[in-house]
$ cat protein-v4.cif   # mmCIF, C-alpha atoms
data_data
#
loop_
_atom_site.group_PDB
_atom_site.id
_atom_site.type_symbol
_atom_site.label_atom_id
_atom_site.label_comp_id
_atom_site.auth_asym_id
_atom_site.auth_seq_id
_atom_site.Cartn_x
_atom_site.Cartn_y
_atom_site.Cartn_z
ATOM 1 C CA MET A 212 -10.199 23.259 23.256
ATOM 2 C CA LYS A 213 -8.023 20.509 21.750
ATOM 3 C CA ARG A 214 -10.457 17.822 22.939
ATOM 4 C CA LEU A 215 -13.220 19.688 21.073
ATOM 5 C CA ILE A 216 -11.350 19.847 17.765
ATOM 6 C CA ALA A 217 -11.019 16.061 17.291
ATOM 7 C CA PRO A 218 -14.792 15.352 17.580
ATOM 8 C CA LEU A 219 -15.541 18.312 15.297
ATOM 9 C CA SER A 220 -13.056 16.945 12.754
ATOM 10 C CA VAL A 221 -14.763 13.567 12.929
ATOM 11 C CA ALA A 222 -18.186 15.168 12.436
ATOM 12 C CA LEU A 223 -16.879 16.999 9.375
ATOM 13 C CA LEU A 224 -15.348 13.777 8.120
ATOM 14 C CA ILE A 225 -18.645 11.909 8.463
ATOM 15 C CA THR A 226 -20.515 14.701 6.699
ATOM 16 C CA LEU A 227 -18.018 14.791 3.839
ATOM 17 C CA SER A 228 -18.022 11.006 3.524
ATOM 18 C CA GLY A 229 -21.810 10.982 3.278
ATOM 19 C CA CYS A 230 -21.698 13.544 0.492
ATOM 20 C CA GLY A 231 -19.174 11.530 -1.477
ATOM 21 C CA ILE A 232 -16.509 14.218 -1.229
ATOM 22 C CA GLY A 233 -13.078 12.680 -1.264
ATOM 23 C CA SER A 234 -14.388 9.310 -2.420
ATOM 24 C CA LYS A 235 -12.281 7.345 -4.833
ATOM 25 C CA PRO A 236 -13.419 4.905 -7.501
ATOM 26 C CA SER A 237 -13.558 1.352 -6.222
ATOM 27 C CA THR A 238 -10.560 -0.806 -6.942
ATOM 28 C CA SER A 239 -10.427 -4.186 -8.600
ATOM 29 C CA ASP A 240 -9.632 -5.832 -5.279
ATOM 30 C CA GLY A 241 -13.253 -5.448 -4.198
ATOM 31 C CA GLY A 242 -12.682 -2.508 -1.865
ATOM 32 C CA ASP A 243 -13.321 -4.606 1.237
ATOM 33 C CA THR A 244 -13.835 -2.260 4.181
ATOM 34 C CA LYS A 245 -13.842 -4.911 6.894
ATOM 35 C CA SER A 246 -10.921 -4.979 9.260
ATOM 36 C CA SER A 247 -8.977 -8.161 8.828
ATOM 37 C CA SER A 248 -7.438 -9.945 11.754
ATOM 38 C CA SER A 249 -4.817 -11.451 9.459
ATOM 39 C CA SER A 250 -3.439 -8.214 8.019
ATOM 40 C CA SER A 251 0.142 -8.444 6.975
ATOM 41 C CA SER A 252 2.659 -6.271 5.225
ATOM 42 C CA THR A 253 5.011 -7.494 2.555
ATOM 43 C CA GLU A 254 6.784 -4.170 2.404
ATOM 44 C CA SER A 255 10.115 -3.653 4.070
ATOM 45 C CA GLY A 256 11.674 -0.447 5.240
ATOM 46 C CA GLY A 257 10.703 -0.412 8.888
ATOM 47 C CA GLU A 258 6.944 -0.528 8.459
ATOM 48 C CA SER A 259 4.669 -2.565 10.674
ATOM 49 C CA GLU A 260 1.030 -3.440 10.090
ATOM 50 C CA SER A 261 -1.147 -5.266 12.577
ATOM 51 C CA THR A 262 -4.590 -5.336 14.099
ATOM 52 C CA GLY A 263 -3.265 -5.494 17.675
ATOM 53 C CA PRO A 264 -1.140 -3.031 19.619
ATOM 54 C CA GLN A 265 2.196 -2.478 17.906
ATOM 55 C CA SER A 266 5.552 -1.497 19.308
ATOM 56 C CA VAL A 267 8.018 0.056 16.875
ATOM 57 C CA SER A 268 11.156 2.152 17.108
ATOM 58 C CA PHE A 269 11.090 5.917 16.805
ATOM 59 C CA GLY A 270 11.173 6.849 13.137
ATOM 60 C CA GLN A 271 9.460 3.635 12.002
ATOM 61 C CA ALA A 272 5.988 3.605 10.490
ATOM 62 C CA ALA A 273 3.098 1.681 12.016
ATOM 63 C CA THR A 274 -0.048 1.009 9.994
ATOM 64 C CA VAL A 275 -3.095 0.841 12.258
ATOM 65 C CA SER A 276 -6.781 0.160 11.667
ATOM 66 C CA THR A 277 -8.661 2.947 13.380
ATOM 67 C CA ASP A 278 -12.316 2.712 12.435
ATOM 68 C CA LYS A 279 -14.651 1.023 9.960
ATOM 69 C CA GLY A 280 -12.148 0.158 7.245
ATOM 70 C CA THR A 281 -9.822 3.099 7.795
ATOM 71 C CA GLN A 282 -6.102 2.470 8.112
ATOM 72 C CA LEU A 283 -3.521 5.110 8.909
ATOM 73 C CA LYS A 284 0.235 4.949 8.444
ATOM 74 C CA LEU A 285 1.822 6.834 11.357
ATOM 75 C CA THR A 286 5.461 7.720 11.989
ATOM 76 C CA ILE A 287 6.673 9.313 15.230
ATOM 77 C CA GLY A 288 10.179 10.700 15.722
ATOM 78 C CA ALA A 289 12.202 10.548 18.932
ATOM 79 C CA PRO A 290 11.554 13.308 21.486
ATOM 80 C CA THR A 291 14.048 16.176 21.397
ATOM 81 C CA ASP A 292 14.348 19.354 23.430
ATOM 82 C CA PHE A 293 12.071 22.079 22.055
ATOM 83 C CA THR A 294 14.113 24.978 20.678
ATOM 84 C CA GLY A 295 11.284 26.985 19.113
ATOM 85 C CA LYS A 296 9.697 30.164 20.387
ATOM 86 C CA ALA A 297 7.661 29.527 23.534
ATOM 87 C CA ASP A 298 5.056 32.048 24.631
ATOM 88 C CA PHE A 299 4.529 30.157 27.907
ATOM 89 C CA GLU A 300 7.066 28.795 30.360
ATOM 90 C CA PRO A 301 6.941 25.027 30.968
ATOM 91 C CA GLU A 302 5.256 24.132 34.249
ATOM 92 C CA LYS A 303 6.957 20.775 34.825
ATOM 93 C CA GLY A 304 10.519 21.548 33.719
ATOM 94 C CA LYS A 305 11.103 21.644 29.967
ATOM 95 C CA TYR A 306 9.374 21.216 26.637
ATOM 96 C CA VAL A 307 10.174 18.300 24.366
ATOM 97 C CA VAL A 308 8.871 17.936 20.822
ATOM 98 C CA ILE A 309 8.239 15.011 18.510
ATOM 99 C CA ASP A 310 7.903 15.119 14.737
ATOM 100 C CA ALA A 311 4.817 13.268 13.530
ATOM 101 C CA SER A 312 3.630 12.094 10.137
ATOM 102 C CA ALA A 313 0.317 10.495 9.126
ATOM 103 C CA GLU A 314 -1.168 9.345 5.874
ATOM 104 C CA LEU A 315 -4.324 7.585 4.813
ATOM 105 C CA ALA A 316 -3.424 4.001 3.884
ATOM 106 C CA LYS A 317 -6.942 2.618 3.388
ATOM 107 C CA GLY A 318 -10.454 4.078 3.435
ATOM 108 C CA VAL A 319 -12.124 7.273 2.275
ATOM 109 C CA ALA A 320 -10.855 9.614 5.000
ATOM 110 C CA GLY A 321 -9.322 9.614 8.461
ATOM 111 C CA ASN A 322 -8.159 12.040 11.062
ATOM 112 C CA VAL A 323 -5.432 12.301 13.658
ATOM 113 C CA SER A 324 -5.158 14.670 16.554
ATOM 114 C CA GLU A 325 -2.205 15.404 18.773
ATOM 115 C CA ASP A 326 -4.278 14.660 21.877
ATOM 116 C CA GLU A 327 -4.349 10.976 20.792
ATOM 117 C CA PHE A 328 -0.569 10.741 21.372
ATOM 118 C CA VAL A 329 0.576 10.507 24.990
ATOM 119 C CA LEU A 330 4.214 10.712 26.093
ATOM 120 C CA VAL A 331 5.147 8.231 28.839
ATOM 121 C CA ASP A 332 8.383 8.269 30.852
ATOM 122 C CA ALA A 333 10.331 5.370 32.381
ATOM 123 C CA ASN A 334 8.376 5.727 35.657
ATOM 124 C CA GLY A 335 5.012 5.416 33.895
ATOM 125 C CA ASN A 336 4.150 9.111 34.230
ATOM 126 C CA ARG A 337 1.911 10.205 31.359
ATOM 127 C CA TYR A 338 2.103 13.596 29.652
ATOM 128 C CA GLU A 339 -0.585 15.102 27.434
ATOM 129 C CA PRO A 340 0.391 17.516 24.644
ATOM 130 C CA ALA A 341 1.137 21.020 25.892
ATOM 131 C CA ILE A 342 0.626 24.462 24.436
ATOM 132 C CA ALA A 343 3.973 26.241 24.331
ATOM 133 C CA SER A 344 3.079 28.937 21.847
ATOM 134 C CA MET A 345 0.160 30.829 20.371
ATOM 135 C CA GLU A 346 1.442 29.659 16.961
ATOM 136 C CA ILE A 347 -0.570 26.634 15.816
ATOM 137 C CA SER A 348 0.677 26.255 12.234
ATOM 138 C CA GLY A 349 2.888 23.264 13.072
ATOM 139 C CA SER A 350 0.353 21.472 15.270
ATOM 140 C CA PHE A 351 -0.660 17.899 14.517
ATOM 141 C CA ILE A 352 -4.416 17.937 13.954
ATOM 142 C CA LYS A 353 -4.984 16.612 10.455
ATOM 143 C CA LEU A 354 -7.865 15.471 8.257
ATOM 144 C CA LEU A 355 -6.518 12.857 5.839
ATOM 145 C CA THR A 356 -8.373 12.464 2.540
ATOM 146 C CA ASP A 357 -5.699 11.604 -0.065
ATOM 147 C CA LYS A 358 -4.219 8.101 0.121
ATOM 148 C CA GLY A 359 -0.448 8.124 0.307
ATOM 149 C CA LYS A 360 -0.149 11.878 0.959
ATOM 150 C CA ALA A 361 1.720 12.397 4.239
ATOM 151 C CA GLU A 362 0.644 15.193 6.577
ATOM 152 C CA THR A 363 3.261 16.304 9.096
ATOM 153 C CA GLY A 364 3.432 18.354 12.249
ATOM 154 C CA GLN A 365 4.904 18.515 15.712
ATOM 155 C CA ILE A 366 3.596 17.633 19.147
ATOM 156 C CA ILE A 367 5.003 19.424 22.196
ATOM 157 C CA TYR A 368 5.013 18.034 25.742
ATOM 158 C CA ASP A 369 5.858 19.623 29.098
ATOM 159 C CA VAL A 370 7.975 17.137 31.090
ATOM 160 C CA PRO A 371 10.279 17.214 34.128
ATOM 161 C CA ALA A 372 13.845 18.165 33.158
ATOM 162 C CA ASP A 373 15.103 14.763 34.365
ATOM 163 C CA ALA A 374 12.490 12.610 32.562
ATOM 164 C CA THR A 375 14.031 9.524 30.912
ATOM 165 C CA GLY A 376 12.943 6.505 28.915
ATOM 166 C CA LEU A 377 10.367 8.448 26.917
ATOM 167 C CA LYS A 378 7.967 6.616 24.614
ATOM 168 C CA VAL A 379 4.851 7.710 22.708
ATOM 169 C CA GLU A 380 1.524 5.835 22.828
ATOM 170 C CA TYR A 381 -1.244 6.267 20.234
ATOM 171 C CA SER A 382 -4.781 5.795 21.619
ATOM 172 C CA PRO A 383 -7.460 7.193 19.267
ATOM 173 C CA THR A 384 -11.249 7.213 19.455
ATOM 174 C CA ASP A 385 -13.683 6.015 16.794
ATOM 175 C CA VAL A 386 -16.248 8.154 14.948
ATOM 176 C CA ASP A 387 -18.581 7.757 17.931
ATOM 177 C CA SER A 388 -15.872 9.123 20.296
ATOM 178 C CA LYS A 389 -15.408 5.686 21.895
ATOM 179 C CA PRO A 390 -11.812 4.851 22.876
ATOM 180 C CA LEU A 391 -10.157 2.231 20.672
ATOM 181 C CA GLY A 392 -7.390 1.563 23.187
ATOM 182 C CA MET A 393 -3.680 1.777 22.552
ATOM 183 C CA LEU A 394 -2.907 0.853 18.936
ATOM 184 C CA ALA A 395 0.796 1.688 18.705
ATOM 185 C CA THR A 396 3.841 2.613 20.781
ATOM 186 C CA TRP A 397 7.097 4.194 19.639
ATOM 187 C CA LYS A 398 10.216 3.677 21.765
#

$ encode --input "protein-v4.cif" --output "structure tokens"
Amino acid sequence: MKRLIAPLSVALLITLSGCGIGSKPSTSDGGDTKSSSSSSSTESGGESESTGPQSVSFGQAATVSTDKGTQLKLTIGAPTDFTGKADFEPEKGKYVVIDASAELAKGVAGNVSEDEFVLVDANGNRYEPAIASMEISGSFIKLLTDKGKAETGQIIYDVPADATGLKVEYSPTDVDSKPLGMLATWK
């Protein structure tokens, strides 16, 4: 079900972009939509911008180019034990949760989906997001259309109780559902 939502969000995004919904007036900088291999950030405050895979600390923002002129600013918090209401028992040991934030930095629209964020432990074991509850209000599947407006949510993972060295990898797909590879890691 979650794998179906991301492509449907992208299809909606493409449709809306074609209709001009959410488009902004062009800026005086020419509105270049090409991805630049020499992107740099002059801002401080723990933000990183790059065209290659980035590695940042939990809580720091990474600005990534995802598709055809779209850049997203993503922030992932450190995993903590899940203390919310769970409708399902964890299968592997325990639930951990991360707080996530995304905003459109460049482009007309973008999307993020929790299934693009994989939790990896010190042994290299990979964990996909889990469903702990029937409640989906805090999930992290977002369509981003307003530049600078952060959308937040949580991603829950089912991990062994003794899992250590957790990090989060971001590996999205483009509008054609082709993998873009790993663009950012939070440790």

$ residues_around --input "protein-v4.cif" --residues "stretch 372-381 of chain A" --least-positions-apart "4" --cutoff "8 Å" --atoms "only C-alpha atoms" --output "ChimeraX atom specification"
/A:287,290,303-305,327-333,393-398

$ closest_residue --input "protein-v4.cif" --among "A:Pro383, A:Gly335, A:Gly392, A:Gly295" --to "A:Gln365" --atoms "all atoms listed in the file"
A:Gly295

$ resolve_selection --input "protein-v4.cif" --expression "the PyMOL selection byres ((chain A and resi 306-309) around 9)" --output "mmCIF file with C-alpha atoms, in the coordinates of the input"
data_model
loop_
_atom_site.group_PDB
_atom_site.id
_atom_site.type_symbol
_atom_site.label_atom_id
_atom_site.label_comp_id
_atom_site.auth_asym_id
_atom_site.auth_seq_id
_atom_site.Cartn_x
_atom_site.Cartn_y
_atom_site.Cartn_z
ATOM 1 C CA ILE A 287 6.673 9.313 15.230
ATOM 2 C CA GLY A 288 10.179 10.700 15.722
ATOM 3 C CA ALA A 289 12.202 10.548 18.932
ATOM 4 C CA PRO A 290 11.554 13.308 21.486
ATOM 5 C CA THR A 291 14.048 16.176 21.397
ATOM 6 C CA ASP A 292 14.348 19.354 23.430
ATOM 7 C CA PHE A 293 12.071 22.079 22.055
ATOM 8 C CA THR A 294 14.113 24.978 20.678
ATOM 9 C CA GLU A 300 7.066 28.795 30.360
ATOM 10 C CA PRO A 301 6.941 25.027 30.968
ATOM 11 C CA LYS A 303 6.957 20.775 34.825
ATOM 12 C CA GLY A 304 10.519 21.548 33.719
ATOM 13 C CA LYS A 305 11.103 21.644 29.967
ATOM 14 C CA ASP A 310 7.903 15.119 14.737
ATOM 15 C CA ALA A 311 4.817 13.268 13.530
ATOM 16 C CA ALA A 341 1.137 21.020 25.892
ATOM 17 C CA ALA A 343 3.973 26.241 24.331
ATOM 18 C CA GLY A 364 3.432 18.354 12.249
ATOM 19 C CA GLN A 365 4.904 18.515 15.712
ATOM 20 C CA ILE A 366 3.596 17.633 19.147
ATOM 21 C CA ILE A 367 5.003 19.424 22.196
ATOM 22 C CA TYR A 368 5.013 18.034 25.742
ATOM 23 C CA ASP A 369 5.858 19.623 29.098
ATOM 24 C CA VAL A 370 7.975 17.137 31.090
ATOM 25 C CA PRO A 371 10.279 17.214 34.128
ATOM 26 C CA ALA A 372 13.845 18.165 33.158
#

$ resolve_selection --input "protein-v4.cif" --expression "the PyMOL selection byres ((chain A and resi 316) around 8)" --output "tab-separated table (two decimals) with C-alpha atoms, in the frame of the given file"
chain	number	residue	atom	x	y	z
A	274	THR	CA	-0.05	1.01	9.99
A	281	THR	CA	-9.82	3.10	7.80
A	282	GLN	CA	-6.10	2.47	8.11
A	283	LEU	CA	-3.52	5.11	8.91
A	284	LYS	CA	0.24	4.95	8.44
A	314	GLU	CA	-1.17	9.35	5.87
A	315	LEU	CA	-4.32	7.58	4.81
A	317	LYS	CA	-6.94	2.62	3.39
A	318	GLY	CA	-10.45	4.08	3.44
A	358	LYS	CA	-4.22	8.10	0.12
A	359	GLY	CA	-0.45	8.12	0.31

$ closest_residue --input "protein-v4.cif" --among "A:Ser382, A:Met345, A:Ala273, A:Thr356" --to "A:Glu325" --atoms "all atoms listed in the file"
A:Ser382

$ closest_residue --input "protein-v4.cif" --among "A:Ile342, A:Leu391, A:Ala320, A:Ala313" --to "A:Glu362" --atoms "all atoms listed in the file"
A:Ala313
